[in-house]
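*Asks:* This is the structure I have questions about; it appears just below.
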Amino acid sequence: MSKVISIEVGNSLTKIVEMDYKSKNPKVYKCINIPTPDEVFDDGYISDSAEYAKTLKQALADAKIKTRQAVCTITCSKIANREVLLPNVKTSQVDDLIRANASEYFPVDLSQYELGFIILGRESAEADAKLKVMLLACEKELIKGYDTLFNQAGLKLVGVDYAGNSVVQIMKKEVTEETEMVIKVEEQSTIATIISGGNLMMQRNLAYGIDNSVQTMMASKAFPETGYGECIDILKKNVCIMPSLNREDEETAALRQTLEPEVRKARTDMTEALGPLVGNVGRVLDLYNSKNLEHPITKVSMIGLGSQIAGLDKLFEKELGVPTVSVNEAKSVSHPVGTGLAEAGEYLTAIGAAISPVGFISEEEKKDKKRAANYLTLSILMLVLIGALIGFMYMMAKQPYDDEVTKQATLENLKRKYEPALKVKEQAENAMALYNEVLKLDVQTVNNNSGLLAFLTELEAKLPSSVNVESFQSNNTQATFSLRVPTMMDAAGIIQTVREFETLSSVKVTSVSRVSEESVSIPHEKKEEEADFTENVSEETYYTFNLECIYKTLDEKAVEALEDLIASVSDNNNQ
């Protein structure tokens, strides 16, 4: 039987077990643990593992563990699981059936996940009953962290397990009651597993552990200058929590009376910090019992770090109302003296990982293993087939190949012949492109104000001398001016004349008005002695009107002529 190193990385401790691999009754050879560095482990993910790998490698050397094949068990809230019913097929066919329908079970990008499964049993005792299977999907990035760690430590990762399955594999033979709940309590997580008749009935991941209680202990003045690891050691050796969450409970109330105020407050706060953990375990228990009234849970077994915390099992029993025990040994596991299994409860999950891991090995690796089964025979057949194919392909491809070689040589000669012409053509195209850009730029520089002088010249030449221009305004698009003429007929003629200006596109009369003024004529001065003289008074009439004139844009004929010129040059260049 081959040996492996089974490793469970926890928030504060890493448990390492050397044992038999894939054995129903494995033998454990050595058990050790090392502290998990801060910020290395986060909800199952491992990062910054270089220094951690050196510590792991040194710990293995100190314990004289020479085995280099390793498996690991992962506790992570991001491992997706789903219970499904599959057709009644052989166990060896379950994996292929799951992968064929994986997209229906997990609507995610499965290229980023590895799949695994746990067979829960059959739906009923009938021969054609369907299989109940728990499907698991684990991110490849999660597994990659463990693979990197093991490689850096000089180990080869041969198996990956889900902590929930590890619990089932080690505890299904330890269950003594018809239906039992196993709770694996760690620092920041708990797995509640219900086993009945050796089969997994229900499993839930809870995001609560003993961490809140440890943090409360560290902050208490009753335990000054105590680190995380030291607090856990104290919790293992001394009962530091109350027997009940209810302060009015007789036993709890009596104990509170015997404690000093500071210690009483610390123990009470630490116990209350465990309230969410106990409450969530209780909800799982109630949920199962409500659906299985004929087979209720009659016992709770606690493993993991929580099984080593003094008084925690008593707290669960008091709050859940179900007998609760801490499991510190597994009857199905044998071990020689000196293996370090004095506190087996902490190592049971790591031991279970090596019994029958769910896999989580990539599909490529599985295919490689299948190919290796008859590698020698397949290699010989492939060599013979390849040799025959090469000979046949050579005979079939020789003549077309020769034709292509001749064609290639002809094309190379033509390329060399016309290469100078290609350069001339390229130069001509570049010059033509530049010429077109210059023409476009020239068109864009044309401005209507450029013809203002021509308009004024035309205005001066065609207006009669009897017309007075009283005001004149001009901008980029139009001119507005006011004219005064003696008669309305003069006004009509001038308007018609202006409308015929070649420099204007349209003329609009905005106003016409008649103006009358009185004029006075005084005779020659009379002699001083003549006292009276006569003034001649008459009425003078004229007309004023305003014109709004729109300048013509660039002459269309000029534009057409310019476009014809460009087209002509392009045609000559192409020829």
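Ordering of the structure tokens sets the chain letters (A, B, ...), residue numbers begin anew at 1 in every chain, and ligands are numbered from 1 in the order given.
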Using DSSP on the backbone coordinates, identify all residues within segment 40-141 of chain A classified as alpha helix (DSSP H); present the result as a PyMOL selection string.

*Replies:* chain A and resi 50-62+91-100+102-105+140-141

*Asks:* Write out as an NGL selection string which residues come within 6 Å of segment 27-35 of chain A when counting only C-alpha atoms, dropping same-chain ones fewer than 5 positions away.

*Replies:* :A and (12-20 or 333-335 or 339-340)

*Asks:* With a distance cut-off of 6 Å and only C-alpha atoms, select the neighbouring residues of Val182 of chain A, excluding the residue or stretch itself and same-chain residues fewer than 3 positions from it, and output the selection as an MDAnalysis selection string.

*Replies:* chainID A and resid 192:193 300:302

*Asks:* Name the residues of segment 120-184 of chain A that fall into strand (DSSP E) according to DSSP on the backbone, using the chain letters and numbers of this document, as a PyMOL selection string.

*Replies:* chain A and resi 120-122+131-139+156-162+179-184

*Asks:* Which neighbours of Asp161 of chain A fall inside 6 Å, counting only C-alpha atoms, when residues of the same chain fewer than 2 positions from it are skipped, and could you give them as a list of chain:residue names?

*Replies:* A:Thr73, A:Ala353, A:Pro357, A:Val358

*Asks:* Quick one: of A:Asn475, A:Gln399, A:Ser103, A:Ser220, who's nearest to Met270 of chain A, counting only C-alpha atoms?

*Replies:*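 Closest to Met270 of chain A of all the choices is A:Ser220.
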
*Asks:* Show which residues sit within 12 Å of Lys130 of chain A, as an NGL selection string. Count only C-alpha atoms, and ignore same-chain residues fewer than 3 positions away.

*Replies:* :A and (84-90 or 94 or 119-127 or 133)

*Asks:* What would the file look like if the residues just selected were written as a tab-separated table (two decimals), in the first residue's frame with C-alpha atoms?

*Replies:*
```tsv
chain	number	residue	atom	x	y	z
A	84	VAL	CA	-28.93	15.70	-8.40
A	85	LEU	CA	-30.49	12.42	-9.47
A	86	LEU	CA	-28.70	10.44	-12.18
A	87	PRO	CA	-29.75	7.36	-14.14
A	88	ASN	CA	-28.89	4.00	-12.58
A	89	VAL	CA	-25.40	3.54	-14.04
A	90	LYS	CA	-22.19	1.98	-12.80
A	94	VAL	CA	-20.84	8.58	-13.20
A	119	ILE	CA	-22.38	9.36	-4.33
A	120	LEU	CA	-25.04	9.67	-1.65
A	121	GLY	CA	-26.83	6.40	-2.43
A	122	ARG	CA	-29.88	5.30	-4.38
A	123	GLU	CA	-33.26	6.99	-4.35
A	124	SER	CA	-34.96	3.79	-3.21
A	125	ALA	CA	-34.31	0.08	-2.83
A	126	GLU	CA	-35.65	-0.75	-6.29
A	127	ALA	CA	-33.21	-2.15	-8.85
A	133	VAL	CA	-25.16	12.37	-6.22
```

*Asks:* Have a look at A:Cys138, A:Ile309, A:Thr298, A:Ile495 and name the one nearest to Val214 of chain A; count only C-alpha atoms.

*Replies:*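 Of A:Cys138, A:Ile309, A:Thr298, A:Ile495, the one nearest Val214 of chain A, counting only C-alpha atoms, is A:Ile309.
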
*Asks:* Give me, as a list in words, all polymer residues having an atom no more than 6 Å from Gly352 of chain A, counting only C-alpha atoms and skipping those fewer than 3 positions away in the same chain.

*Replies:*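 Answer for this query is Ser166, Gln169, Ile170, Thr349 and Ile355 of chain A.
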
*Asks:* Which one of A:Asn11, A:Thr410, A:Thr179, A:Ser307 sits closest to Tyr288 of chain A if you count only C-alpha atoms?

*Replies:*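 Looking only at the distances to Tyr288 of chain A, the closest residue turns out to be A:Thr179.
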
*Asks:* What does the distance between atom CA of Ile7 of chain A and atom CA of Lys314 of chain A come to in Å, to one decimal place?

*Replies:*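 According to the coordinates, atom CA of Ile7 of chain A and atom CA of Lys314 of chain A are separated by 29.2 Å.
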
*Asks:* Show which residues sit within 6 Å of segment 53-59 of chain A, as number ranges by chain. Count only C-alpha atoms, and ignore same-chain residues fewer than 6 positions away.

*Replies:* A: 149, 152-153

*Asks:* Kindly indicate which residue among A:Met181, A:Leu60, A:Tyr347, A:Gln215 lies nearest to Leu320 of chain A, using only C-alpha atoms for the distances.

*Replies:*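 Ranking A:Met181, A:Leu60, A:Tyr347, A:Gln215 by distance to Leu320 of chain A, first place goes to A:Met181.
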